[in-house]
Structure formats: C-alpha cells, structure tokens
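Notes to accompany the following structure.
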Amino acid sequence: MQSASTSSGEVERGNWNEYLDDFSSRNEGRPTRLELIDPELGSQELEIHFPLVGISFEPEGSEAGSVEIILGGGSADDPRHMEHIVEDAKRFVPIPGTHGVEAGIAVESGDGSRTLLTFEDLPELPPSE
C-alpha cells in the first residue's frame, strides 16, 4: 500500500476516507478534547472528555468537502452526544503521539480556522485501602 501522507504528515485528500475509517477504529472510545482555533475569534474549547465515536469525510452531496466528528454517546438522544462539522476542509494532519498511536488530528478549513481533536489521558484513582 502506498503512503497515505505527505512528507509533512498531511494526509493526501484521496486517502481521507480510508485513513479516517482506520483512525476511528483505532481510537474509538478514547476520551477527547475538541478545540476550534479561528483566526478572528481565537481559541475556543468545544468539549472535554467525550469519547470518540468516529470521524468521516463527505466527498459528495450537499455536505461535500466536510469532515464530521462524532463524540460522546452513540445516539443523538444521549446527553453526551456531540457532532462537529468542519465545512470546506482543506487539510488534514495527524498529531503524532507515543508508541505508534496518534495524539489526535488537526483539520484546516477554507476560511483558515483549525479544528484540533486531541486525546486526553484520564487520571487513575489510587487503589482503595
């Protein structure tokens, strides 16, 4: 299989669907932090500690060019369910982590804003005595 990314780590657009499917499978259920960095509005934290459900790219139709990030519960009725759409996605870059597992992803949209999805380590509670 050919490399799905460029030398800068950016995933080539033709490989987005396959990469995001694999990324979602590898990281499903991991706790996340979702941030939006807008050139005009600055940084906004959208959520923290929701588990990853999945990420997908829409190449066709009314949502063509968008990336959808689904977090929290598995259904829209779950109070922890959240969907975030990145419209007009132009670049997609994995954030390297340790031990061969990603620390997250960054998606840049046509307006210059960036969405950062990073994975959080939840602290372990000490054993009870």
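Chains: A, B, ... in order of the structure tokens. Residues: from 1 per chain. Ligands: from 1, in order shown.
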Query - Contacts of segment 77-90 of chain A at 10 Å (only C-alpha atoms; same-chain gap of 6+ positions) as a PyMOL selection string - result: chain A and resi 13+34+36+46-47+49-58+63-71+107-115
Can you write just those residues out, C-alpha atoms, as a PDB file, in the first residue's frame?
ATOM      1  CA  ARG A  13      -7.115  14.073   0.137  1.00  0.00           C
ATOM      2  CA  LEU A  34     -12.098  19.366  20.854  1.00  0.00           C
ATOM      3  CA  LEU A  36     -11.636  25.394  17.369  1.00  0.00           C
ATOM      4  CA  LEU A  46     -15.819  22.919  22.458  1.00  0.00           C
ATOM      5  CA  GLU A  47     -15.722  19.862  24.740  1.00  0.00           C
ATOM      6  CA  HIS A  49     -13.511  14.070  27.860  1.00  0.00           C
ATOM      7  CA  PHE A  50     -16.258  12.931  25.468  1.00  0.00           C
ATOM      8  CA  PRO A  51     -15.300   9.551  23.947  1.00  0.00           C
ATOM      9  CA  LEU A  52     -14.620   9.386  20.210  1.00  0.00           C
ATOM     10  CA  VAL A  53     -17.408   7.714  18.242  1.00  0.00           C
ATOM     11  CA  GLY A  54     -15.973   8.372  14.769  1.00  0.00           C
ATOM     12  CA  ILE A  55     -14.774  10.787  12.104  1.00  0.00           C
ATOM     13  CA  SER A  56     -15.794  10.799   8.450  1.00  0.00           C
ATOM     14  CA  PHE A  57     -15.254  12.788   5.262  1.00  0.00           C
ATOM     15  CA  GLU A  58     -18.089  13.617   2.875  1.00  0.00           C
ATOM     16  CA  GLU A  63     -22.114  18.166   2.613  1.00  0.00           C
ATOM     17  CA  ALA A  64     -19.299  17.685   0.058  1.00  0.00           C
ATOM     18  CA  GLY A  65     -15.900  18.667   1.407  1.00  0.00           C
ATOM     19  CA  SER A  66     -16.888  18.475   5.069  1.00  0.00           C
ATOM     20  CA  VAL A  67     -15.419  16.417   7.897  1.00  0.00           C
ATOM     21  CA  GLU A  68     -17.815  15.218  10.605  1.00  0.00           C
ATOM     22  CA  ILE A  69     -16.540  14.457  14.111  1.00  0.00           C
ATOM     23  CA  ILE A  70     -18.913  12.498  16.369  1.00  0.00           C
ATOM     24  CA  LEU A  71     -18.228  12.327  20.103  1.00  0.00           C
ATOM     25  CA  VAL A 107      -8.339  19.761  10.245  1.00  0.00           C
ATOM     26  CA  GLU A 108      -7.969  23.093   8.473  1.00  0.00           C
ATOM     27  CA  SER A 109     -10.932  24.631   6.669  1.00  0.00           C
ATOM     28  CA  GLY A 110     -11.021  27.004   3.717  1.00  0.00           C
ATOM     29  CA  ASP A 111     -11.595  30.020   5.993  1.00  0.00           C
ATOM     30  CA  GLY A 112      -8.308  29.351   7.812  1.00  0.00           C
ATOM     31  CA  SER A 113      -9.848  28.012  11.006  1.00  0.00           C
ATOM     32  CA  ARG A 114      -8.434  24.828  12.500  1.00  0.00           C
ATOM     33  CA  THR A 115     -10.200  22.139  14.460  1.00  0.00           C
TER      34      THR A 115
END
Leaving out Pro123 of chain A and any residue of its chain fewer than 2 positions from it, which residues lie within 12 Å of it when counting only C-alpha atoms, given as a short mmCIF file (atom, residue, chain, number, x, y, z; two decimals) with N, CA, C and O atoms, in the first residue's frame?
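Final file, result_34.cif:
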data_model
loop_
_atom_site.label_atom_id
_atom_site.label_comp_id
_atom_site.auth_asym_id
_atom_site.auth_seq_id
_atom_site.Cartn_x
_atom_site.Cartn_y
_atom_site.Cartn_z
N PRO A 31 -11.06 9.15 25.34
CA PRO A 31 -11.53 10.48 25.74
C PRO A 31 -10.82 11.57 24.95
O PRO A 31 -9.64 11.45 24.64
N HIS A 49 -13.31 15.42 27.33
CA HIS A 49 -13.51 14.07 27.86
C HIS A 49 -14.65 13.28 27.21
O HIS A 49 -14.96 12.19 27.69
N GLU A 120 -7.19 12.70 25.49
CA GLU A 120 -6.88 13.02 26.87
C GLU A 120 -6.60 11.73 27.64
O GLU A 120 -7.26 10.71 27.42
N ASP A 121 -5.64 11.80 28.54
CA ASP A 121 -5.41 10.70 29.48
C ASP A 121 -6.17 11.02 30.76
O ASP A 121 -5.93 12.06 31.38
N LEU A 125 -7.49 6.59 39.59
CA LEU A 125 -7.72 6.78 41.02
C LEU A 125 -6.79 5.85 41.79
O LEU A 125 -6.53 4.71 41.36
N PRO A 126 -6.28 6.30 42.93
CA PRO A 126 -5.45 5.39 43.72
C PRO A 126 -6.30 4.25 44.26
O PRO A 126 -7.51 4.40 44.45
#
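Closest approach to Phe92 of chain A among A:Ile37, A:Ile48, A:Leu122, A:Ala106 is made by A:Ala106 (distances from only C-alpha atoms).
Secondary structure by DSSP on the backbone puts the following residues of segment 1-56 of chain A in helix (DSSP H, G or I): A:Arg13, A:Gly14, A:Asn15, A:Trp16, A:Asn17, A:Glu18, A:Tyr19, A:Leu20, A:Asp21, A:Asp22, A:Phe23, A:Ser24, A:Ser25, A:Arg26, A:Asn27.
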Can I get the selected residues back with N, CA and C atoms, as a PDB file, in the first residue's frame?
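Written file, selection_8.pdb:
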ATOM      1  N   ARG A  13      -5.648  14.008   0.196  1.00  0.00           N
ATOM      2  CA  ARG A  13      -7.115  14.073   0.137  1.00  0.00           C
ATOM      3  C   ARG A  13      -7.752  12.789  -0.399  1.00  0.00           C
ATOM      4  N   GLY A  14      -7.142  12.173  -1.368  1.00  0.00           N
ATOM      5  CA  GLY A  14      -7.693  10.936  -1.927  1.00  0.00           C
ATOM      6  C   GLY A  14      -7.710   9.779  -0.939  1.00  0.00           C
ATOM      7  N   ASN A  15      -6.995   9.906   0.167  1.00  0.00           N
ATOM      8  CA  ASN A  15      -6.912   8.858   1.184  1.00  0.00           C
ATOM      9  C   ASN A  15      -7.694   9.196   2.465  1.00  0.00           C
ATOM     10  N   TRP A  16      -8.393  10.321   2.484  1.00  0.00           N
ATOM     11  CA  TRP A  16      -9.071  10.752   3.709  1.00  0.00           C
ATOM     12  C   TRP A  16     -10.061   9.719   4.233  1.00  0.00           C
ATOM     13  N   ASN A  17     -10.938   9.197   3.377  1.00  0.00           N
ATOM     14  CA  ASN A  17     -11.954   8.250   3.859  1.00  0.00           C
ATOM     15  C   ASN A  17     -11.326   7.019   4.488  1.00  0.00           C
ATOM     16  N   GLU A  18     -10.374   6.414   3.788  1.00  0.00           N
ATOM     17  CA  GLU A  18      -9.723   5.207   4.305  1.00  0.00           C
ATOM     18  C   GLU A  18      -8.978   5.513   5.612  1.00  0.00           C
ATOM     19  N   TYR A  19      -8.236   6.617   5.630  1.00  0.00           N
ATOM     20  CA  TYR A  19      -7.480   6.969   6.830  1.00  0.00           C
ATOM     21  C   TYR A  19      -8.417   7.232   8.009  1.00  0.00           C
ATOM     22  N   LEU A  20      -9.487   7.988   7.782  1.00  0.00           N
ATOM     23  CA  LEU A  20     -10.406   8.313   8.877  1.00  0.00           C
ATOM     24  C   LEU A  20     -11.147   7.088   9.391  1.00  0.00           C
ATOM     25  N   ASP A  21     -11.476   6.146   8.498  1.00  0.00           N
ATOM     26  CA  ASP A  21     -12.088   4.890   8.947  1.00  0.00           C
ATOM     27  C   ASP A  21     -11.134   4.142   9.871  1.00  0.00           C
ATOM     28  N   ASP A  22      -9.868   4.023   9.455  1.00  0.00           N
ATOM     29  CA  ASP A  22      -8.868   3.333  10.273  1.00  0.00           C
ATOM     30  C   ASP A  22      -8.636   4.079  11.592  1.00  0.00           C
ATOM     31  N   PHE A  23      -8.511   5.408  11.498  1.00  0.00           N
ATOM     32  CA  PHE A  23      -8.294   6.249  12.681  1.00  0.00           C
ATOM     33  C   PHE A  23      -9.434   6.061  13.672  1.00  0.00           C
ATOM     34  N   SER A  24     -10.673   6.078  13.184  1.00  0.00           N
ATOM     35  CA  SER A  24     -11.847   5.919  14.050  1.00  0.00           C
ATOM     36  C   SER A  24     -11.839   4.549  14.726  1.00  0.00           C
ATOM     37  N   SER A  25     -11.512   3.504  13.981  1.00  0.00           N
ATOM     38  CA  SER A  25     -11.470   2.151  14.555  1.00  0.00           C
ATOM     39  C   SER A  25     -10.395   2.030  15.633  1.00  0.00           C
ATOM     40  N   ARG A  26      -9.215   2.589  15.370  1.00  0.00           N
ATOM     41  CA  ARG A  26      -8.109   2.512  16.332  1.00  0.00           C
ATOM     42  C   ARG A  26      -8.383   3.290  17.612  1.00  0.00           C
ATOM     43  N   ASN A  27      -9.133   4.368  17.501  1.00  0.00           N
ATOM     44  CA  ASN A  27      -9.270   5.301  18.623  1.00  0.00           C
ATOM     45  C   ASN A  27     -10.674   5.403  19.208  1.00  0.00           C
TER      46      ASN A  27
END
Query raised in the report: as a VMD selection string, which residues of chain A does DSSP assign to strand (DSSP E or B)?
Result: chain A and resid 5 11 31 to 38 42 to 58 66 to 71 82 to 86 89 to 95 104 to 109 114 to 119
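The neighbours of Pro96 of chain A here are the residues that come within 9 Å of it, using only C-alpha atoms and leaving out any residue fewer than 6 positions away in the same chain; they are Gly9, Glu102, Ala103, Gly104 and Ile105 of chain A.
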**Report entry** Point-to-point distance from atom CA of Asp38 of chain A to atom CA of Arg91 of chain A, Å rounded to tenths
**Finding:** 15.0 Å
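Atom CA of Gly97 of chain A sits 15.9 Å away from atom CA of Glu28 of chain A.
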